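Engineer: Hey, dropping query_36.csv in here, CSV, N, CA and C atoms:
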```csv
chain,number,residue,atom,x,y,z
A,1,MET,N,-12.1,-33.8,15.2
A,1,MET,CA,-10.9,-34.5,15.1
A,1,MET,C,-11.1,-35.7,14.2
A,2,ALA,N,-10.1,-36.1,13.5
A,2,ALA,CA,-10.2,-37.3,12.6
A,2,ALA,C,-10.3,-38.5,13.5
A,3,ASN,N,-11.1,-39.5,13.0
A,3,ASN,CA,-11.2,-40.8,13.7
A,3,ASN,C,-9.9,-41.5,13.6
A,4,GLN,N,-9.5,-42.1,14.7
A,4,GLN,CA,-8.2,-42.8,14.8
A,4,GLN,C,-8.4,-44.1,15.5
A,5,ALA,N,-7.5,-45.1,15.1
A,5,ALA,CA,-7.5,-46.3,15.8
A,5,ALA,C,-6.9,-46.1,17.2
A,6,LYS,N,-7.2,-47.0,18.2
A,6,LYS,CA,-6.8,-46.9,19.5
A,6,LYS,C,-5.2,-46.9,19.7
A,7,ASP,N,-4.6,-47.4,18.7
A,7,ASP,CA,-3.1,-47.5,18.7
A,7,ASP,C,-2.4,-46.4,17.9
A,8,SER,N,-3.1,-45.3,17.8
A,8,SER,CA,-2.5,-44.2,17.0
A,8,SER,C,-2.9,-42.9,17.8
A,9,ILE,N,-2.1,-41.8,17.5
A,9,ILE,CA,-2.4,-40.5,18.1
A,9,ILE,C,-3.5,-39.8,17.3
A,10,PRO,N,-4.5,-39.3,18.1
A,10,PRO,CA,-5.6,-38.5,17.4
A,10,PRO,C,-5.0,-37.3,16.7
A,11,VAL,N,-5.6,-37.0,15.6
A,11,VAL,CA,-5.1,-35.9,14.7
A,11,VAL,C,-6.2,-34.8,14.7
A,12,LEU,N,-5.8,-33.5,14.8
A,12,LEU,CA,-6.7,-32.4,14.7
A,12,LEU,C,-6.4,-31.7,13.4
A,13,ILE,N,-7.4,-31.6,12.5
A,13,ILE,CA,-7.2,-31.1,11.2
A,13,ILE,C,-8.1,-29.9,10.9
A,14,TYR,N,-7.5,-28.8,10.4
A,14,TYR,CA,-8.3,-27.7,9.9
A,14,TYR,C,-8.4,-27.7,8.4
A,15,ARG,N,-7.3,-27.4,7.7
A,15,ARG,CA,-7.3,-27.4,6.3
A,15,ARG,C,-6.3,-28.4,5.6
A,16,TYR,N,-5.5,-29.0,6.4
A,16,TYR,CA,-4.5,-29.9,5.8
A,16,TYR,C,-5.1,-31.0,5.0
A,17,GLN,N,-4.6,-31.3,3.8
A,17,GLN,CA,-5.1,-32.3,2.9
A,17,GLN,C,-4.0,-33.2,2.3
A,18,GLY,N,-2.8,-33.1,2.9
A,18,GLY,CA,-1.7,-33.9,2.3
A,18,GLY,C,-1.6,-35.3,2.8
A,19,PRO,N,-0.5,-36.0,2.6
A,19,PRO,CA,-0.3,-37.4,3.0
A,19,PRO,C,-0.5,-37.6,4.5
A,20,LYS,N,-0.8,-38.8,4.9
A,20,LYS,CA,-1.1,-39.1,6.3
A,20,LYS,C,0.2,-38.8,7.2
A,21,ARG,N,1.3,-39.3,6.7
A,21,ARG,CA,2.5,-39.1,7.5
A,21,ARG,C,3.3,-37.9,6.9
A,22,ASN,N,3.3,-36.8,7.7
A,22,ASN,CA,3.9,-35.6,7.2
A,22,ASN,C,4.4,-34.8,8.4
A,23,ILE,N,5.0,-33.6,8.2
A,23,ILE,CA,5.6,-32.8,9.2
A,23,ILE,C,4.5,-32.2,10.0
A,24,GLY,N,4.7,-32.2,11.3
A,24,GLY,CA,3.7,-31.6,12.3
A,24,GLY,C,4.3,-31.6,13.7
A,25,PHE,N,3.3,-31.4,14.6
A,25,PHE,CA,3.7,-31.4,16.0
A,25,PHE,C,2.8,-32.3,16.8
A,26,THR,N,3.4,-33.0,17.8
A,26,THR,CA,2.6,-33.8,18.7
A,26,THR,C,2.6,-33.1,20.0
A,27,LEU,N,1.4,-33.0,20.6
A,27,LEU,CA,1.2,-32.4,21.9
A,27,LEU,C,0.9,-33.5,22.9
A,28,SER,N,1.5,-33.4,24.1
A,28,SER,CA,1.2,-34.3,25.1
A,28,SER,C,1.4,-33.7,26.5
A,29,PRO,N,0.6,-34.1,27.4
A,29,PRO,CA,0.7,-33.5,28.8
A,29,PRO,C,2.0,-34.0,29.5
A,30,PHE,N,2.5,-33.2,30.4
A,30,PHE,CA,3.7,-33.7,31.1
A,30,PHE,C,3.6,-33.3,32.6
A,31,LEU,N,4.3,-34.1,33.4
A,31,LEU,CA,4.4,-33.8,34.9
A,31,LEU,C,5.9,-33.7,35.1
A,32,ILE,N,6.4,-32.6,35.7
A,32,ILE,CA,7.8,-32.4,35.9
A,32,ILE,C,8.4,-33.4,36.9
A,33,GLU,N,7.7,-33.7,37.9
A,33,GLU,CA,8.2,-34.6,38.9
A,33,GLU,C,8.1,-36.1,38.5
A,34,ASP,N,7.5,-36.4,37.4
A,34,ASP,CA,7.3,-37.8,37.0
A,34,ASP,C,8.0,-38.1,35.7
A,35,ASP,N,9.3,-38.3,35.7
A,35,ASP,CA,10.1,-38.5,34.5
A,35,ASP,C,9.8,-39.9,33.9
A,36,GLN,N,9.1,-40.7,34.6
A,36,GLN,CA,8.8,-42.1,34.1
A,36,GLN,C,7.3,-42.1,33.6
A,37,GLN,N,6.7,-41.0,33.5
A,37,GLN,CA,5.3,-41.0,33.1
A,37,GLN,C,5.0,-41.7,31.8
A,38,ASP,N,3.9,-42.4,31.8
A,38,ASP,CA,3.6,-43.2,30.6
A,38,ASP,C,2.3,-42.6,30.0
A,39,ILE,N,2.5,-41.8,29.0
A,39,ILE,CA,1.4,-41.1,28.3
A,39,ILE,C,0.9,-42.0,27.2
A,40,SER,N,-0.4,-42.4,27.2
A,40,SER,CA,-0.9,-43.2,26.1
A,40,SER,C,-1.1,-42.4,24.8
A,41,LEU,N,-1.1,-43.1,23.7
A,41,LEU,CA,-1.2,-42.4,22.4
A,41,LEU,C,-2.5,-41.6,22.4
A,42,GLN,N,-3.6,-42.1,23.0
A,42,GLN,CA,-4.9,-41.4,23.0
A,42,GLN,C,-4.8,-40.1,23.8
A,43,GLU,N,-3.8,-40.0,24.7
A,43,GLU,CA,-3.7,-38.7,25.5
A,43,GLU,C,-2.9,-37.6,24.7
A,44,MET,N,-2.4,-38.0,23.5
A,44,MET,CA,-1.6,-37.1,22.7
A,44,MET,C,-2.5,-36.5,21.6
A,45,LEU,N,-2.0,-35.5,20.9
A,45,LEU,CA,-2.7,-34.9,19.8
A,45,LEU,C,-1.7,-34.5,18.8
A,46,PHE,N,-1.9,-34.8,17.5
A,46,PHE,CA,-1.0,-34.5,16.4
A,46,PHE,C,-1.7,-33.4,15.6
A,47,ILE,N,-1.0,-32.4,15.2
A,47,ILE,CA,-1.5,-31.3,14.3
A,47,ILE,C,-0.4,-31.1,13.2
A,48,TYR,N,-0.9,-31.2,12.0
A,48,TYR,CA,0.0,-31.0,10.9
A,48,TYR,C,0.6,-29.6,10.9
A,49,ASN,N,1.8,-29.4,10.4
A,49,ASN,CA,2.5,-28.1,10.4
A,49,ASN,C,1.6,-27.0,9.8
A,50,GLU,N,0.9,-27.3,8.6
A,50,GLU,CA,0.1,-26.2,8.0
A,50,GLU,C,-1.0,-25.7,8.9
A,51,ASP,N,-1.6,-26.6,9.7
A,51,ASP,CA,-2.6,-26.2,10.6
A,51,ASP,C,-2.1,-25.7,11.9
A,52,PHE,N,-0.9,-26.1,12.3
A,52,PHE,CA,-0.2,-25.6,13.5
A,52,PHE,C,0.2,-24.1,13.3
A,53,ASP,N,0.3,-23.7,12.0
A,53,ASP,CA,0.7,-22.3,11.7
A,53,ASP,C,-0.4,-21.4,12.3
A,54,TYR,N,-1.6,-21.8,12.6
A,54,TYR,CA,-2.6,-21.0,13.2
A,54,TYR,C,-2.4,-20.9,14.7
A,55,ILE,N,-1.8,-21.9,15.3
A,55,ILE,CA,-1.5,-21.9,16.7
A,55,ILE,C,-0.2,-21.3,17.1
A,56,ARG,N,0.8,-21.4,16.2
A,56,ARG,CA,2.1,-20.9,16.5
A,56,ARG,C,2.2,-19.5,17.0
A,57,PRO,N,1.5,-18.5,16.4
A,57,PRO,CA,1.6,-17.1,16.9
A,57,PRO,C,1.1,-17.0,18.4
A,58,LEU,N,0.2,-17.8,18.8
A,58,LEU,CA,-0.3,-17.7,20.2
A,58,LEU,C,0.8,-18.1,21.1
A,59,LEU,N,1.7,-19.0,20.7
A,59,LEU,CA,2.7,-19.5,21.6
A,59,LEU,C,4.0,-18.6,21.4
A,60,ASP,N,4.3,-18.2,20.2
A,60,ASP,CA,5.5,-17.4,19.9
A,60,ASP,C,5.6,-16.2,20.8
A,61,LYS,N,4.5,-15.5,21.1
A,61,LYS,CA,4.5,-14.3,21.9
A,61,LYS,C,5.0,-14.5,23.3
A,62,HIS,N,5.0,-15.8,23.8
A,62,HIS,CA,5.4,-16.1,25.2
A,62,HIS,C,6.9,-16.4,25.3
A,63,PHE,N,7.6,-16.5,24.2
A,63,PHE,CA,9.0,-16.8,24.2
A,63,PHE,C,9.8,-15.6,24.5
A,64,PRO,N,11.0,-15.6,25.1
A,64,PRO,CA,11.6,-16.8,25.6
A,64,PRO,C,11.0,-17.4,26.8
A,65,LEU,N,11.1,-18.8,26.9
A,65,LEU,CA,10.6,-19.5,28.0
A,65,LEU,C,11.7,-20.3,28.7
A,66,THR,N,11.5,-20.8,29.9
A,66,THR,CA,12.5,-21.6,30.6
A,66,THR,C,12.0,-23.0,30.5
A,67,ASN,N,12.9,-23.9,30.0
A,67,ASN,CA,12.6,-25.4,29.9
A,67,ASN,C,12.5,-25.9,31.4
A,68,PRO,N,11.3,-26.4,31.8
A,68,PRO,CA,11.1,-26.8,33.2
A,68,PRO,C,12.0,-28.0,33.6
A,69,TYR,N,12.5,-28.7,32.6
A,69,TYR,CA,13.3,-29.9,32.9
A,69,TYR,C,14.8,-29.5,33.1
A,70,THR,N,15.3,-28.7,32.2
A,70,THR,CA,16.7,-28.3,32.1
A,70,THR,C,17.1,-26.9,32.7
A,71,MET,N,16.0,-26.1,32.8
A,71,MET,CA,16.1,-24.7,33.2
A,71,MET,C,16.9,-23.9,32.2
A,72,GLU,N,17.1,-24.4,31.0
A,72,GLU,CA,17.7,-23.6,29.9
A,72,GLU,C,16.6,-22.7,29.3
A,73,THR,N,17.1,-21.7,28.6
A,73,THR,CA,16.2,-20.8,28.0
A,73,THR,C,15.8,-21.3,26.6
A,74,MET,N,14.6,-21.3,26.3
A,74,MET,CA,14.1,-21.7,25.0
A,74,MET,C,13.7,-20.4,24.3
A,75,ASN,N,14.4,-20.0,23.2
A,75,ASN,CA,14.2,-18.7,22.5
A,75,ASN,C,13.0,-18.8,21.6
A,76,GLY,N,12.6,-19.9,21.2
A,76,GLY,CA,11.5,-20.1,20.3
A,76,GLY,C,11.1,-21.5,20.2
A,77,LEU,N,10.0,-21.8,19.5
A,77,LEU,CA,9.5,-23.1,19.3
A,77,LEU,C,10.4,-23.9,18.4
A,78,ASP,N,10.9,-25.0,18.8
A,78,ASP,CA,11.8,-25.8,18.0
A,78,ASP,C,11.1,-26.8,17.2
A,79,PRO,N,11.0,-26.8,15.9
A,79,PRO,CA,10.3,-27.7,15.1
A,79,PRO,C,10.9,-29.1,15.0
A,80,CYS,N,12.1,-29.3,15.6
A,80,CYS,CA,12.8,-30.6,15.5
A,80,CYS,C,12.9,-31.3,16.9
A,81,TRP,N,12.4,-30.6,17.9
A,81,TRP,CA,12.7,-31.2,19.2
A,81,TRP,C,11.5,-31.0,20.2
A,82,ASP,N,11.7,-31.3,21.5
A,82,ASP,CA,10.7,-31.2,22.5
A,82,ASP,C,10.6,-29.7,23.0
A,83,ASN,N,9.4,-29.2,23.2
A,83,ASN,CA,9.2,-27.9,23.7
A,83,ASN,C,8.2,-28.0,24.9
A,84,PRO,N,8.7,-28.3,26.1
A,84,PRO,CA,7.8,-28.3,27.2
A,84,PRO,C,7.3,-26.9,27.6
A,85,ILE,N,6.0,-26.7,27.5
A,85,ILE,CA,5.4,-25.4,27.8
A,85,ILE,C,4.5,-25.5,29.0
A,86,GLY,N,4.8,-24.6,30.0
A,86,GLY,CA,4.1,-24.7,31.3
A,86,GLY,C,2.6,-24.4,31.2
A,87,LYS,N,1.9,-24.9,32.2
A,87,LYS,CA,0.5,-24.7,32.3
A,87,LYS,C,0.0,-23.2,32.2
A,88,GLU,N,0.8,-22.3,32.8
A,88,GLU,CA,0.4,-20.9,32.8
A,88,GLU,C,0.3,-20.3,31.4
A,89,ILE,N,1.2,-20.8,30.6
A,89,ILE,CA,1.2,-20.3,29.2
A,89,ILE,C,0.0,-20.8,28.5
A,90,TRP,N,-0.4,-22.1,28.7
A,90,TRP,CA,-1.6,-22.7,28.0
A,90,TRP,C,-2.8,-22.0,28.5
A,91,VAL,N,-2.9,-21.7,29.8
A,91,VAL,CA,-4.0,-20.9,30.3
A,91,VAL,C,-4.2,-19.6,29.6
A,92,ALA,N,-3.0,-18.9,29.4
A,92,ALA,CA,-3.1,-17.6,28.7
A,92,ALA,C,-3.5,-17.8,27.3
A,93,VAL,N,-3.1,-18.8,26.6
A,93,VAL,CA,-3.5,-19.1,25.3
A,93,VAL,C,-5.0,-19.4,25.2
A,94,LEU,N,-5.5,-20.2,26.1
A,94,LEU,CA,-6.9,-20.4,26.2
A,94,LEU,C,-7.7,-19.1,26.4
A,95,GLU,N,-7.2,-18.3,27.3
A,95,GLU,CA,-7.9,-17.0,27.5
A,95,GLU,C,-7.9,-16.1,26.3
A,96,GLU,N,-6.8,-16.1,25.5
A,96,GLU,CA,-6.8,-15.3,24.3
A,96,GLU,C,-7.7,-15.9,23.2
A,97,LEU,N,-7.8,-17.2,23.1
A,97,LEU,CA,-8.7,-17.9,22.2
A,97,LEU,C,-10.1,-17.5,22.5
A,98,ASP,N,-10.4,-17.5,23.8
A,98,ASP,CA,-11.8,-17.1,24.2
A,98,ASP,C,-12.2,-15.7,23.8
A,99,GLN,N,-11.2,-14.9,23.6
A,99,GLN,CA,-11.5,-13.5,23.2
A,99,GLN,C,-11.6,-13.3,21.7
A,100,GLN,N,-11.2,-14.3,21.0
A,100,GLN,CA,-11.2,-14.1,19.5
A,100,GLN,C,-12.6,-14.3,18.9
A,101,GLN,N,-12.9,-13.5,17.9
A,101,GLN,CA,-14.1,-13.6,17.1
A,101,GLN,C,-13.7,-14.3,15.8
A,102,VAL,N,-14.3,-15.5,15.6
A,102,VAL,CA,-14.0,-16.3,14.4
A,102,VAL,C,-15.2,-16.4,13.5
A,103,GLU,N,-15.1,-15.9,12.3
A,103,GLU,CA,-16.2,-16.0,11.3
A,103,GLU,C,-16.2,-17.2,10.5
A,104,ASP,N,-15.0,-17.8,10.2
A,104,ASP,CA,-14.9,-19.1,9.4
A,104,ASP,C,-15.4,-20.2,10.3
A,105,PRO,N,-16.6,-20.9,9.9
A,105,PRO,CA,-17.1,-22.0,10.7
A,105,PRO,C,-16.1,-23.1,10.9
A,106,GLU,N,-15.3,-23.5,9.9
A,106,GLU,CA,-14.3,-24.6,10.0
A,106,GLU,C,-13.2,-24.2,11.0
A,107,LEU,N,-12.8,-22.9,11.0
A,107,LEU,CA,-11.8,-22.5,11.9
A,107,LEU,C,-12.4,-22.5,13.3
A,108,ALA,N,-13.6,-22.1,13.5
A,108,ALA,CA,-14.3,-22.1,14.8
A,108,ALA,C,-14.3,-23.5,15.4
A,109,VAL,N,-14.6,-24.5,14.6
A,109,VAL,CA,-14.6,-25.9,15.0
A,109,VAL,C,-13.2,-26.3,15.4
A,110,PHE,N,-12.2,-26.0,14.6
A,110,PHE,CA,-10.8,-26.3,14.9
A,110,PHE,C,-10.4,-25.7,16.2
A,111,TRP,N,-10.7,-24.4,16.4
A,111,TRP,CA,-10.3,-23.8,17.7
A,111,TRP,C,-11.0,-24.4,18.9
A,112,GLN,N,-12.3,-24.7,18.7
A,112,GLN,CA,-13.1,-25.3,19.8
A,112,GLN,C,-12.5,-26.7,20.2
A,113,GLN,N,-12.2,-27.5,19.2
A,113,GLN,CA,-11.6,-28.8,19.5
A,113,GLN,C,-10.2,-28.6,20.1
A,114,PHE,N,-9.4,-27.7,19.6
A,114,PHE,CA,-8.1,-27.4,20.2
A,114,PHE,C,-8.2,-27.0,21.7
A,115,LYS,N,-9.1,-26.0,21.9
A,115,LYS,CA,-9.3,-25.5,23.3
A,115,LYS,C,-9.8,-26.6,24.2
A,116,THR,N,-10.7,-27.5,23.8
A,116,THR,CA,-11.2,-28.6,24.6
A,116,THR,C,-10.1,-29.5,24.9
A,117,TRP,N,-9.2,-29.9,23.9
A,117,TRP,CA,-8.1,-30.8,24.2
A,117,TRP,C,-7.2,-30.2,25.2
A,118,ILE,N,-6.8,-28.9,25.0
A,118,ILE,CA,-5.8,-28.3,25.9
A,118,ILE,C,-6.4,-28.2,27.3
A,119,SER,N,-7.7,-27.8,27.4
A,119,SER,CA,-8.3,-27.6,28.7
A,119,SER,C,-8.4,-28.9,29.5
A,120,THR,N,-8.7,-30.0,28.8
A,120,THR,CA,-8.9,-31.3,29.4
A,120,THR,C,-7.5,-31.8,29.9
A,121,HIS,N,-6.5,-31.7,29.0
A,121,HIS,CA,-5.2,-32.3,29.4
A,121,HIS,C,-4.3,-31.5,30.2
A,122,VAL,N,-4.5,-30.2,30.3
A,122,VAL,CA,-3.6,-29.4,31.1
A,122,VAL,C,-4.1,-29.3,32.6
A,123,GLN,N,-5.3,-29.8,32.8
A,123,GLN,CA,-5.9,-29.7,34.2
A,123,GLN,C,-5.0,-30.5,35.2
A,124,ASN,N,-4.6,-31.7,34.8
A,124,ASN,CA,-3.9,-32.5,35.8
A,124,ASN,C,-2.4,-32.7,35.4
A,125,ALA,N,-1.9,-31.7,34.7
A,125,ALA,CA,-0.5,-31.7,34.2
A,125,ALA,C,0.2,-30.4,34.6
A,126,ASP,N,1.5,-30.4,34.5
A,126,ASP,CA,2.3,-29.2,34.7
A,126,ASP,C,2.4,-28.4,33.4
A,127,GLY,N,2.0,-29.0,32.3
A,127,GLY,CA,2.1,-28.3,31.0
A,127,GLY,C,1.8,-29.2,29.9
A,128,ILE,N,2.0,-28.7,28.7
A,128,ILE,CA,1.8,-29.5,27.5
A,128,ILE,C,3.2,-29.4,26.7
A,129,GLU,N,3.7,-30.5,26.3
A,129,GLU,CA,4.9,-30.6,25.5
A,129,GLU,C,4.5,-30.6,24.1
A,130,VAL,N,5.2,-29.7,23.3
A,130,VAL,CA,5.0,-29.7,21.9
A,130,VAL,C,6.2,-30.2,21.2
A,131,THR,N,6.1,-31.3,20.5
A,131,THR,CA,7.3,-32.0,19.9
A,131,THR,C,7.1,-32.0,18.4
A,132,GLY,N,8.1,-31.3,17.8
A,132,GLY,CA,8.1,-31.2,16.3
A,132,GLY,C,8.8,-32.5,15.7
A,133,ASN,N,8.4,-32.8,14.5
A,133,ASN,CA,9.0,-34.0,13.8
A,133,ASN,C,9.8,-33.6,12.6
A,134,LEU,N,10.2,-32.4,12.5
A,134,LEU,CA,10.9,-31.9,11.2
A,134,LEU,C,12.2,-32.6,11.1
```
Please express what this file holds, its structure, as structure tokens.

Structural biologist:
Amino acid sequence: MANQAKDSIPVLIYRYQGPKRNIGFTLSPFLIEDDQQDISLQEMLFIYNEDFDYIRPLLDKHFPLTNPYTMETMNGLDPCWDNPIGKEIWVAVLEELDQQQVEDPELAVFWQQFKTWISTHVQNADGIEVTGNL
């Protein structure tokens, strides 16, 4: 992961080489019962859209999902809004990633860092919210 100041969100980069502020997704843990939760910037993770394209298929196969806050159906990942995704989906994503054989060393590092972040943050959460900034 790229080195970040304590007052900024850590960034996970695989191949992205564009400007610092660009389209992407912020991941942050959530608790359904705690609508006043205060997540620090260091507990979040930002992934540029180009790199998130490697993650998106792992999530897309689980849609439609039910939004745990509103109980509405989410038909797909919304690049403009919040996408609260439950812990069970992230556990399935981690299991799938563990089964993948990756030959590209840079992609292997990206996946390992992603898996470590998800594993660490989903442990004490109800899920991970994926928020697009399109």

Engineer: Quick one: of A:Leu107, A:Ile89, A:Ile32, A:Ile118, who's nearest to Met71 in chain A, counting only C-alpha atoms?

Structural biologist: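 Comparing A:Leu107, A:Ile89, A:Ile32, A:Ile118 against Met71 in chain A, the winner is A:Ile32.
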
Engineer: Go through A:Leu41, A:Val11, A:Val122, A:Ile47 and flag the residue nearest Glu88 in chain A, using only C-alpha atoms for the distances.

Structural biologist: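 That would be A:Val122, the residue with the smallest distance to Glu88 in chain A.
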
Engineer: I need the helix (DSSP H, G or I) residues of range 85-129 of chain A per DSSP on the backbone, written as a ChimeraX atom specification.

Structural biologist: /A:87-99,105-122

Engineer: Would you compute the distance between atom C of Asn124 in chain A and atom C of Thr26 in chain A? Give it in Å to one decimal.

Structural biologist: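 According to the coordinates, atom C of Asn124 in chain A and atom C of Thr26 in chain A are separated by 16.2 Å.
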
Engineer: Given the choices A:Gln101, A:Lys115, A:Pro68, A:Tyr14, which gets closest to Asn83 in chain A if the distance is worked out from all atoms listed in the file?

Structural biologist: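 Closest to Asn83 in chain A of all the choices is A:Pro68.
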
Engineer: As a ChimeraX atom specification, please: the residues near Lys61 in chain A (cut-off 12 Å, only C-alpha atoms, same-chain neighbours under 5 positions excluded).

Structural biologist: /A:55-56,75-77,89,92-93,96

Engineer: Of the residues A:Phe63, A:Tyr48, A:Phe114, A:Trp81, which is the one nearest to Asn133 in chain A, using only N, CA and C atoms?

Structural biologist: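 Of A:Phe63, A:Tyr48, A:Phe114, A:Trp81, the one nearest Asn133 in chain A is A:Trp81, counting only N, CA and C atoms.
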
Engineer: Between atom N of Asp53 in chain A and atom C of Asp38 in chain A, what is the distance, to one decimal in Å?

Structural biologist: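 For atom N of Asp53 in chain A relative to atom C of Asp38 in chain A, the distance reads 26.2 Å.
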
Engineer: Please extract the residues of range 15-78 of chain A with a backbone DSSP assignment of strand (DSSP E) and present them as a list in words.

Structural biologist: Gly24, Phe25, Thr26, Leu27, Ser28, Pro29, Phe30, Leu45, Phe46, Ile47, Tyr48, Leu65, Thr66, Thr73 and Met74 of chain A

Engineer: Would you work out the distance separating atom N of Glu103 in chain A from atom N of Leu59 in chain A, expressed in Å to one decimal?

Structural biologist: 19.0 Å

Engineer: For Leu45 in chain A, which of A:Gln17, A:Gln100, A:Thr70, A:Thr131 is the closest residue, counting only C-alpha atoms?

Structural biologist: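 When distances to Leu45 in chain A are compared using only C-alpha atoms, the smallest one comes from A:Thr131.
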
Engineer: Which residue out of A:Asn22, A:Gln42, A:Ser119, A:Ser8 has the minimum interatomic distance to Leu94 in chain A when all atoms listed in the file are used?

Structural biologist: A:Ser119

Engineer: Report as a PDB file with N, CA and C atoms, in the frame of the given file all protein, DNA and RNA residues lying within 6 Å of Gly86 in chain A, evaluated on all atoms listed in the file, omitting residues in the same chain fewer than 2 positions from it.

Structural biologist:
```pdb
ATOM      1  N   PRO A  84       8.700 -28.300  26.100  1.00  0.00           N
ATOM      2  CA  PRO A  84       7.800 -28.300  27.200  1.00  0.00           C
ATOM      3  C   PRO A  84       7.300 -26.900  27.600  1.00  0.00           C
ATOM      4  N   GLU A  88       0.800 -22.300  32.800  1.00  0.00           N
ATOM      5  CA  GLU A  88       0.400 -20.900  32.800  1.00  0.00           C
ATOM      6  C   GLU A  88       0.300 -20.300  31.400  1.00  0.00           C
ATOM      7  N   ILE A  89       1.200 -20.800  30.600  1.00  0.00           N
ATOM      8  CA  ILE A  89       1.200 -20.300  29.200  1.00  0.00           C
ATOM      9  C   ILE A  89       0.000 -20.800  28.500  1.00  0.00           C
ATOM     10  N   TRP A  90      -0.400 -22.100  28.700  1.00  0.00           N
ATOM     11  CA  TRP A  90      -1.600 -22.700  28.000  1.00  0.00           C
ATOM     12  C   TRP A  90      -2.800 -22.000  28.500  1.00  0.00           C
ATOM     13  N   ASP A 126       1.500 -30.400  34.500  1.00  0.00           N
ATOM     14  CA  ASP A 126       2.300 -29.200  34.700  1.00  0.00           C
ATOM     15  C   ASP A 126       2.400 -28.400  33.400  1.00  0.00           C
ATOM     16  N   GLY A 127       2.000 -29.000  32.300  1.00  0.00           N
ATOM     17  CA  GLY A 127       2.100 -28.300  31.000  1.00  0.00           C
ATOM     18  C   GLY A 127       1.800 -29.200  29.900  1.00  0.00           C
ATOM     19  N   ILE A 128       2.000 -28.700  28.700  1.00  0.00           N
ATOM     20  CA  ILE A 128       1.800 -29.500  27.500  1.00  0.00           C
ATOM     21  C   ILE A 128       3.200 -29.400  26.700  1.00  0.00           C
TER      22      ILE A 128
END
```

Engineer: With the input short on atoms, add all heavy atoms back to range 24-28 of chain A and write it as a short mmCIF file (atom, residue, chain, number, x, y, z; two decimals), in the coordinates of the input.

Structural biologist:
```cif
data_model
loop_
_atom_site.label_atom_id
_atom_site.label_comp_id
_atom_site.auth_asym_id
_atom_site.auth_seq_id
_atom_site.Cartn_x
_atom_site.Cartn_y
_atom_site.Cartn_z
N GLY A 24 4.70 -32.20 11.30
CA GLY A 24 3.70 -31.60 12.30
C GLY A 24 4.30 -31.60 13.70
O GLY A 24 5.45 -31.78 13.94
N PHE A 25 3.30 -31.40 14.60
CA PHE A 25 3.70 -31.40 16.00
C PHE A 25 2.80 -32.30 16.80
O PHE A 25 1.54 -32.32 16.61
CB PHE A 25 3.48 -29.91 16.53
CG PHE A 25 4.45 -28.96 15.90
CD1 PHE A 25 4.17 -28.35 14.68
CD2 PHE A 25 5.66 -28.69 16.51
CE1 PHE A 25 5.07 -27.48 14.09
CE2 PHE A 25 6.57 -27.81 15.92
CZ PHE A 25 6.27 -27.21 14.71
N THR A 26 3.40 -33.00 17.80
CA THR A 26 2.60 -33.80 18.70
C THR A 26 2.60 -33.10 20.00
O THR A 26 3.59 -32.64 20.56
CB THR A 26 3.30 -35.19 18.88
OG1 THR A 26 3.38 -35.82 17.59
CG2 THR A 26 2.51 -36.07 19.83
N LEU A 27 1.40 -33.00 20.60
CA LEU A 27 1.20 -32.40 21.90
C LEU A 27 0.90 -33.50 22.90
O LEU A 27 0.12 -34.40 22.61
CB LEU A 27 0.00 -31.39 21.86
CG LEU A 27 0.24 -30.04 21.18
CD1 LEU A 27 0.39 -30.20 19.68
CD2 LEU A 27 -0.88 -29.08 21.50
N SER A 28 1.50 -33.40 24.10
CA SER A 28 1.20 -34.30 25.10
C SER A 28 1.40 -33.70 26.50
O SER A 28 2.33 -32.87 26.67
CB SER A 28 2.15 -35.58 24.99
OG SER A 28 3.50 -35.22 25.06
#
```
